Amino acid sequence: MKTWFITGVSSGFGRALAEAALERGDRVAGTLRSEEQRAAFDALKPGLSLGVRLDVTRHDDARRAVALVEESFGPIDVLVNNAGYGHEGTIEETPLDEYRKQFDVNVFGAVSAIQAVLPYMRARRSGHIVNITSMGGIVTFPGLGVYHGSKFALEGISEALSKEVADLGIRVTAVEPGAFRTEWAGRSMNRGSASIADYEPLFAPLRKARAERSGKQPGDPAKAASAILTLVDSPKPPVHLPLGTDALAFIRCKLDTFSQEVTAWEPVASATNFD
Ligand code: NAP
């Protein structure tokens, strides 16, 4: 029986994962933003489900939420940084404030929870931190650069953290889902306004396709939840776990192209040391 701390359990991956863990008898502290949602989560499986109010951009609240769970619910075995959203808009058209908001939730929100939980996990020399990044933390699409920036950042933080805490008995995994049927491209998506006509031929069809695909994505969040249960039960969890056939194909293609480019430019790259 594990104790989980999962951010963003109102819908999508967070909700599916919380339900799957509760179903097998684990204990889940899940974060939600409204009191009504918090109370409803508490009532899901009395004694096993604990709703905690948290906006992940309120960094001190994250520390308090983790302390409350550790002290009154149980030692956290698995932290899942799931809360997040996407911003749609080109790099040039997106105001800097939108970058800040995106990073505040997707990056700094996760870092606050990580910093809050690590003292407890270090003391116990055990724990697993699962950061829900995205295939968009490894590959990119035009019009999602702000989101990619945040997910690439969380990928880098996850990978470095995995090296910092491995000898302390703590595992870290970046989970990289492809397109799954959640609220991500629906109510949660922040759609920036398009103001520069030059980008429209490229971006307008992509924006339309993404909106039309919402609710029809191939990935099933319940199956993602089951994959994450397998991940946390593994004695040797990976540092990266792509989820979905689309994520696998896009990531493999990126690795191949990257490798080919590195090889093609090797003579230039390798001629830069002092003689
Ligand atoms: P979702 O159904 O929209 O769920 C997002 C969750 O994050 C909701 O519970 C939401 O709470 C919460 N959240 C957002 N901002 C928050 C904040 N400031 N503080 C606290 N909670 C906040 O979408 P999802 O797809 O399950 O998203 C979960 C994670 O998966 C995200 O990090 C997303 O980037 C990632 N992801 C999704 C996909 C996909 O295709 N679905 C693919 C790759 C990665 P509210 O209900 O209060 O808004």
# chains A, B, ... in the order shown; residues from 1 in each chain; ligands from 1
>>> residues_near_ligand(ligand="ligand 1", cutoff="6 Å", atoms="only C-alpha atoms and all ligand atoms", output="ChimeraX atom specification")
/A:8-14,32-33,54-57,82-86,105,132-134,177-184,188
>>> write_last_selection(atoms="N, CA and C atoms", output="JSON list (two decimals), in the first residue's frame")
[["chain", "number", "residue", "atom", "x", "y", "z"],
["A", 8, "GLY", "N", -3.49, 18.23, -9.06],
["A", 8, "GLY", "CA", -4.45, 18.35, -10.16],
["A", 8, "GLY", "C", -5.26, 17.10, -10.40],
["A", 9, "VAL", "N", -6.12, 16.75, -9.42],
["A", 9, "VAL", "CA", -6.90, 15.50, -9.57],
["A", 9, "VAL", "C", -8.36, 15.78, -9.97],
["A", 10, "SER", "N", -8.62, 17.01, -10.45],
["A", 10, "SER", "CA", -10.02, 17.31, -10.81],
["A", 10, "SER", "C", -10.44, 16.63, -12.10],
["A", 11, "SER", "N", -9.50, 16.37, -13.01],
["A", 11, "SER", "CA", -9.85, 15.76, -14.30],
["A", 11, "SER", "C", -8.61, 15.11, -14.91],
["A", 12, "GLY", "N", -8.79, 14.50, -16.07],
["A", 12, "GLY", "CA", -7.68, 14.01, -16.87],
["A", 12, "GLY", "C", -6.80, 12.96, -16.19],
["A", 13, "PHE", "N", -5.49, 13.08, -16.45],
["A", 13, "PHE", "CA", -4.54, 12.09, -15.91],
["A", 13, "PHE", "C", -4.58, 12.00, -14.39],
["A", 14, "GLY", "N", -4.63, 13.17, -13.75],
["A", 14, "GLY", "CA", -4.58, 13.21, -12.28],
["A", 14, "GLY", "C", -5.75, 12.44, -11.70],
["A", 32, "LEU", "N", -6.72, 20.03, -5.40],
["A", 32, "LEU", "CA", -7.79, 20.62, -6.19],
["A", 32, "LEU", "C", -7.87, 22.10, -5.86],
["A", 33, "ARG", "N", -8.51, 22.86, -6.77],
["A", 33, "ARG", "CA", -8.49, 24.30, -6.53],
["A", 33, "ARG", "C", -9.73, 24.85, -5.84],
["A", 54, "LEU", "N", -5.09, 23.37, -3.32],
["A", 54, "LEU", "CA", -3.78, 23.93, -3.70],
["A", 54, "LEU", "C", -3.82, 24.50, -5.12],
["A", 55, "ASP", "N", -3.40, 25.75, -5.21],
["A", 55, "ASP", "CA", -3.06, 26.31, -6.52],
["A", 55, "ASP", "C", -1.54, 26.19, -6.56],
["A", 56, "VAL", "N", -1.02, 25.44, -7.52],
["A", 56, "VAL", "CA", 0.42, 25.14, -7.48],
["A", 56, "VAL", "C", 1.31, 26.37, -7.68],
["A", 57, "THR", "N", 0.73, 27.49, -8.07],
["A", 57, "THR", "CA", 1.54, 28.71, -8.20],
["A", 57, "THR", "C", 1.74, 29.39, -6.85],
["A", 82, "ASN", "N", 1.47, 16.63, -11.65],
["A", 82, "ASN", "CA", 0.62, 16.47, -12.82],
["A", 82, "ASN", "C", -0.03, 17.78, -13.25],
["A", 83, "ALA", "N", -0.35, 18.66, -12.29],
["A", 83, "ALA", "CA", -1.08, 19.88, -12.61],
["A", 83, "ALA", "C", -0.34, 20.65, -13.69],
["A", 84, "GLY", "N", -1.07, 21.08, -14.70],
["A", 84, "GLY", "CA", -0.42, 21.82, -15.78],
["A", 84, "GLY", "C", -1.44, 22.16, -16.84],
["A", 85, "TYR", "N", -1.03, 23.04, -17.76],
["A", 85, "TYR", "CA", -1.92, 23.39, -18.88],
["A", 85, "TYR", "C", -1.06, 23.79, -20.07],
["A", 86, "GLY", "N", -1.71, 23.92, -21.22],
["A", 86, "GLY", "CA", -0.99, 24.31, -22.42],
["A", 86, "GLY", "C", -1.33, 25.73, -22.84],
["A", 105, "VAL", "N", 3.16, 27.64, -13.49],
["A", 105, "VAL", "CA", 2.38, 26.41, -13.21],
["A", 105, "VAL", "C", 3.19, 25.16, -13.55],
["A", 132, "ILE", "N", 4.89, 14.69, -14.70],
["A", 132, "ILE", "CA", 4.19, 14.52, -15.99],
["A", 132, "ILE", "C", 4.66, 15.66, -16.89],
["A", 133, "THR", "N", 5.58, 15.34, -17.77],
["A", 133, "THR", "CA", 6.05, 16.36, -18.72],
["A", 133, "THR", "C", 5.18, 16.22, -19.97],
["A", 134, "SER", "N", 5.72, 15.68, -21.04],
["A", 134, "SER", "CA", 4.93, 15.52, -22.28],
["A", 134, "SER", "C", 5.89, 15.02, -23.34],
["A", 177, "PRO", "N", 3.60, 11.83, -21.99],
["A", 177, "PRO", "CA", 2.45, 11.34, -22.76],
["A", 177, "PRO", "C", 2.35, 12.01, -24.13],
["A", 178, "GLY", "N", 1.77, 11.26, -25.08],
["A", 178, "GLY", "CA", 1.36, 11.84, -26.36],
["A", 178, "GLY", "C", -0.01, 12.47, -26.17],
["A", 179, "ALA", "N", -0.86, 12.39, -27.19],
["A", 179, "ALA", "CA", -2.19, 13.03, -27.11],
["A", 179, "ALA", "C", -3.18, 12.10, -26.42],
["A", 180, "PHE", "N", -3.67, 12.54, -25.29],
["A", 180, "PHE", "CA", -4.64, 11.76, -24.51],
["A", 180, "PHE", "C", -5.95, 12.54, -24.36],
["A", 181, "ARG", "N", -7.03, 11.78, -24.20],
["A", 181, "ARG", "CA", -8.37, 12.39, -24.12],
["A", 181, "ARG", "C", -8.64, 12.94, -22.72],
["A", 182, "THR", "N", -8.15, 14.14, -22.49],
["A", 182, "THR", "CA", -8.37, 14.83, -21.21],
["A", 182, "THR", "C", -8.91, 16.22, -21.54],
["A", 183, "GLU", "N", -8.87, 17.11, -20.57],
["A", 183, "GLU", "CA", -9.32, 18.49, -20.82],
["A", 183, "GLU", "C", -8.21, 19.37, -21.38],
["A", 184, "TRP", "N", -7.03, 18.77, -21.63],
["A", 184, "TRP", "CA", -5.85, 19.56, -22.00],
["A", 184, "TRP", "C", -6.11, 20.49, -23.19],
["A", 188, "SER", "N", -8.92, 23.45, -20.55],
["A", 188, "SER", "CA", -7.65, 23.87, -19.91],
["A", 188, "SER", "C", -6.73, 24.66, -20.84]]
>>> residues_around(residues="segment 193-207 of chain A", least_positions_apart="3", cutoff="9 Å", atoms="only C-alpha atoms", output="list in words")
Glu88, Gly89, Thr90, Glu92, Glu93, Thr94, Pro142, Gly143, Arg210, Ala211 and Glu212 of chain A
>>> residues_around(residues="Ala20 of chain A", least_positions_apart="4", cutoff="7 Å", atoms="only C-alpha atoms", output="number ranges by chain")
A: 16, 24, 225-226
>>> write_last_selection(atoms="C-alpha atoms", output="mmCIF file, in the first residue's frame")
data_model
loop_
_atom_site.group_PDB
_atom_site.id
_atom_site.type_symbol
_atom_site.label_atom_id
_atom_site.label_comp_id
_atom_site.auth_asym_id
_atom_site.auth_seq_id
_atom_site.Cartn_x
_atom_site.Cartn_y
_atom_site.Cartn_z
ATOM 1 C CA ALA A 16 -7.596 8.715 -13.609
ATOM 2 C CA ARG A 24 -6.181 -0.998 -5.561
ATOM 3 C CA ALA A 225 -2.869 5.509 -15.069
ATOM 4 C CA SER A 226 -2.325 1.790 -15.247
#
>>> residues_around(residues="segment 72-75 of chain A", least_positions_apart="2", cutoff="10 Å", atoms="only C-alpha atoms", output="PyMOL selection string")
chain A and resi 2-5+27-29+47-50+66-70+77-78+117+120-121+124+127
>>> select_by_dssp(residues="segment 100-245 of chain A", states="strand (DSSP E or B)", output="list of chain:residue names")
A:Gly127, A:His128, A:Ile129, A:Val130, A:Asn131, A:Ile132, A:Ile170, A:Arg171, A:Val172, A:Thr173, A:Ala174, A:Val175, A:Glu176, A:Pro177, A:Phe180, A:Asn190, A:Arg191, A:Gly219, A:His240, A:Leu241, A:Pro242, A:Leu243
>>> select_by_dssp(residues="segment 21-237 of chain A", states="alpha helix (DSSP H)", output="PyMOL selection string")
chain A and resi 21-23+35-42+59-72+96-103+109-124+145-165+200-213+221-233
>>> atom_distance(atom1="atom CA of Gln115 of chain A", atom2="atom CA of Tyr147 of chain A")
22.4 Å
>>> atom_distance(atom1="atom CA of Leu79 of chain A", atom2="atom CA of Ile138 of chain A")
21.9 Å
>>> closest_residue(among="A:Ala123, A:Ile129, A:Ala65, A:Ala153", to="Asn106 of chain A", atoms="only C-alpha atoms")
A:Ala153
>>> atom_distance(atom1="atom CA of Leu243 of chain A", atom2="atom CA of Ile228 of chain A")
9.4 Å
>>> decode(residues="segment 86-131 of chain A", atoms="N, CA and C atoms", output="CSV table (one decimal), in the first residue's frame")
chain,number,residue,atom,x,y,z
A,86,GLY,N,-1.7,23.9,-21.2
A,86,GLY,CA,-1.0,24.3,-22.4
A,86,GLY,C,-1.3,25.7,-22.8
A,87,HIS,N,-0.3,26.4,-23.3
A,87,HIS,CA,-0.6,27.8,-24.0
A,87,HIS,C,-0.4,27.6,-25.5
A,88,GLU,N,-1.4,28.1,-26.2
A,88,GLU,CA,-1.2,28.0,-27.7
A,88,GLU,C,-1.0,29.4,-28.2
A,89,GLY,N,0.0,29.6,-29.0
A,89,GLY,CA,0.4,30.9,-29.6
A,89,GLY,C,1.8,30.8,-30.1
A,90,THR,N,2.1,31.6,-31.1
A,90,THR,CA,3.5,31.6,-31.6
A,90,THR,C,4.4,32.3,-30.6
A,91,ILE,N,5.7,32.1,-30.8
A,91,ILE,CA,6.7,32.7,-29.9
A,91,ILE,C,6.6,34.2,-30.0
A,92,GLU,N,6.5,34.7,-31.2
A,92,GLU,CA,6.5,36.2,-31.3
A,92,GLU,C,5.2,36.9,-30.8
A,93,GLU,N,4.1,36.2,-31.0
A,93,GLU,CA,2.8,36.8,-30.6
A,93,GLU,C,2.5,36.7,-29.1
A,94,THR,N,3.2,35.8,-28.4
A,94,THR,CA,2.8,35.6,-27.0
A,94,THR,C,3.4,36.6,-26.1
A,95,PRO,N,2.6,37.3,-25.3
A,95,PRO,CA,3.2,38.3,-24.4
A,95,PRO,C,4.0,37.6,-23.3
A,96,LEU,N,5.1,38.2,-22.8
A,96,LEU,CA,6.0,37.6,-21.8
A,96,LEU,C,5.2,37.2,-20.6
A,97,ASP,N,4.1,37.9,-20.2
A,97,ASP,CA,3.3,37.5,-19.1
A,97,ASP,C,2.8,36.1,-19.2
A,98,GLU,N,2.4,35.7,-20.4
A,98,GLU,CA,1.9,34.4,-20.7
A,98,GLU,C,3.0,33.3,-20.5
A,99,TYR,N,4.2,33.7,-20.9
A,99,TYR,CA,5.3,32.7,-20.6
A,99,TYR,C,5.5,32.5,-19.1
A,100,ARG,N,5.4,33.7,-18.4
A,100,ARG,CA,5.6,33.6,-16.9
A,100,ARG,C,4.6,32.7,-16.3
A,101,LYS,N,3.3,32.9,-16.7
A,101,LYS,CA,2.2,32.1,-16.1
A,101,LYS,C,2.4,30.6,-16.5
A,102,GLN,N,2.8,30.3,-17.7
A,102,GLN,CA,3.0,28.9,-18.1
A,102,GLN,C,4.1,28.3,-17.3
A,103,PHE,N,5.2,29.0,-17.1
A,103,PHE,CA,6.3,28.4,-16.4
A,103,PHE,C,6.0,28.4,-14.9
A,104,ASP,N,5.2,29.3,-14.4
A,104,ASP,CA,4.8,29.3,-13.0
A,104,ASP,C,4.1,28.1,-12.6
A,105,VAL,N,3.2,27.6,-13.5
A,105,VAL,CA,2.4,26.4,-13.2
A,105,VAL,C,3.2,25.2,-13.6
A,106,ASN,N,3.6,25.1,-14.8
A,106,ASN,CA,4.2,23.8,-15.3
A,106,ASN,C,5.6,23.5,-14.7
A,107,VAL,N,6.4,24.6,-14.4
A,107,VAL,CA,7.7,24.3,-13.9
A,107,VAL,C,7.9,24.6,-12.5
A,108,PHE,N,7.6,25.9,-12.1
A,108,PHE,CA,7.8,26.3,-10.7
A,108,PHE,C,6.8,25.6,-9.7
A,109,GLY,N,5.6,25.3,-10.2
A,109,GLY,CA,4.6,24.6,-9.4
A,109,GLY,C,5.2,23.2,-9.1
A,110,ALA,N,5.8,22.5,-10.1
A,110,ALA,CA,6.4,21.2,-9.8
A,110,ALA,C,7.6,21.3,-8.9
A,111,VAL,N,8.4,22.3,-9.1
A,111,VAL,CA,9.6,22.5,-8.3
A,111,VAL,C,9.3,22.7,-6.8
A,112,SER,N,8.2,23.5,-6.6
A,112,SER,CA,7.8,23.8,-5.2
A,112,SER,C,7.4,22.5,-4.5
A,113,ALA,N,6.6,21.6,-5.2
A,113,ALA,CA,6.2,20.4,-4.6
A,113,ALA,C,7.4,19.4,-4.4
A,114,ILE,N,8.4,19.5,-5.3
A,114,ILE,CA,9.6,18.6,-5.2
A,114,ILE,C,10.4,19.1,-4.0
A,115,GLN,N,10.6,20.4,-3.9
A,115,GLN,CA,11.4,20.9,-2.7
A,115,GLN,C,10.7,20.6,-1.4
A,116,ALA,N,9.3,20.6,-1.4
A,116,ALA,CA,8.6,20.4,-0.2
A,116,ALA,C,8.7,19.0,0.3
A,117,VAL,N,8.7,18.0,-0.7
A,117,VAL,CA,8.6,16.6,-0.4
A,117,VAL,C,10.0,16.0,-0.1
A,118,LEU,N,11.1,16.6,-0.7
A,118,LEU,CA,12.4,16.0,-0.6
A,118,LEU,C,13.0,15.8,0.8
A,119,PRO,N,12.8,16.8,1.7
A,119,PRO,CA,13.3,16.5,3.0
A,119,PRO,C,12.7,15.3,3.7
A,120,TYR,N,11.5,15.0,3.4
A,120,TYR,CA,10.9,13.8,4.0
A,120,TYR,C,11.4,12.5,3.3
A,121,MET,N,11.5,12.6,2.0
A,121,MET,CA,11.9,11.4,1.2
A,121,MET,C,13.4,11.2,1.5
A,122,ARG,N,14.2,12.2,1.7
A,122,ARG,CA,15.7,12.0,2.0
A,122,ARG,C,15.8,11.4,3.4
A,123,ALA,N,15.0,11.8,4.3
A,123,ALA,CA,15.1,11.3,5.7
A,123,ALA,C,14.8,9.8,5.7
A,124,ARG,N,13.9,9.4,4.8
A,124,ARG,CA,13.5,8.0,4.7
A,124,ARG,C,14.3,7.2,3.8
A,125,ARG,N,15.1,7.9,3.0
A,125,ARG,CA,16.0,7.2,1.9
A,125,ARG,C,15.1,6.4,1.0
A,126,SER,N,13.9,7.0,0.7
A,126,SER,CA,13.0,6.3,-0.3
A,126,SER,C,12.0,7.3,-0.8
A,127,GLY,N,11.4,6.9,-2.0
A,127,GLY,CA,10.4,7.8,-2.6
A,127,GLY,C,10.6,7.8,-4.1
A,128,HIS,N,9.5,8.2,-4.8
A,128,HIS,CA,9.5,8.3,-6.2
A,128,HIS,C,8.8,9.6,-6.6
A,129,ILE,N,9.5,10.4,-7.4
A,129,ILE,CA,8.9,11.6,-7.9
A,129,ILE,C,8.6,11.4,-9.4
A,130,VAL,N,7.4,11.6,-9.7
A,130,VAL,CA,6.9,11.4,-11.1
A,130,VAL,C,6.5,12.7,-11.7
A,131,ASN,N,7.2,13.2,-12.6
A,131,ASN,CA,6.8,14.5,-13.2
A,131,ASN,C,6.1,14.2,-14.6
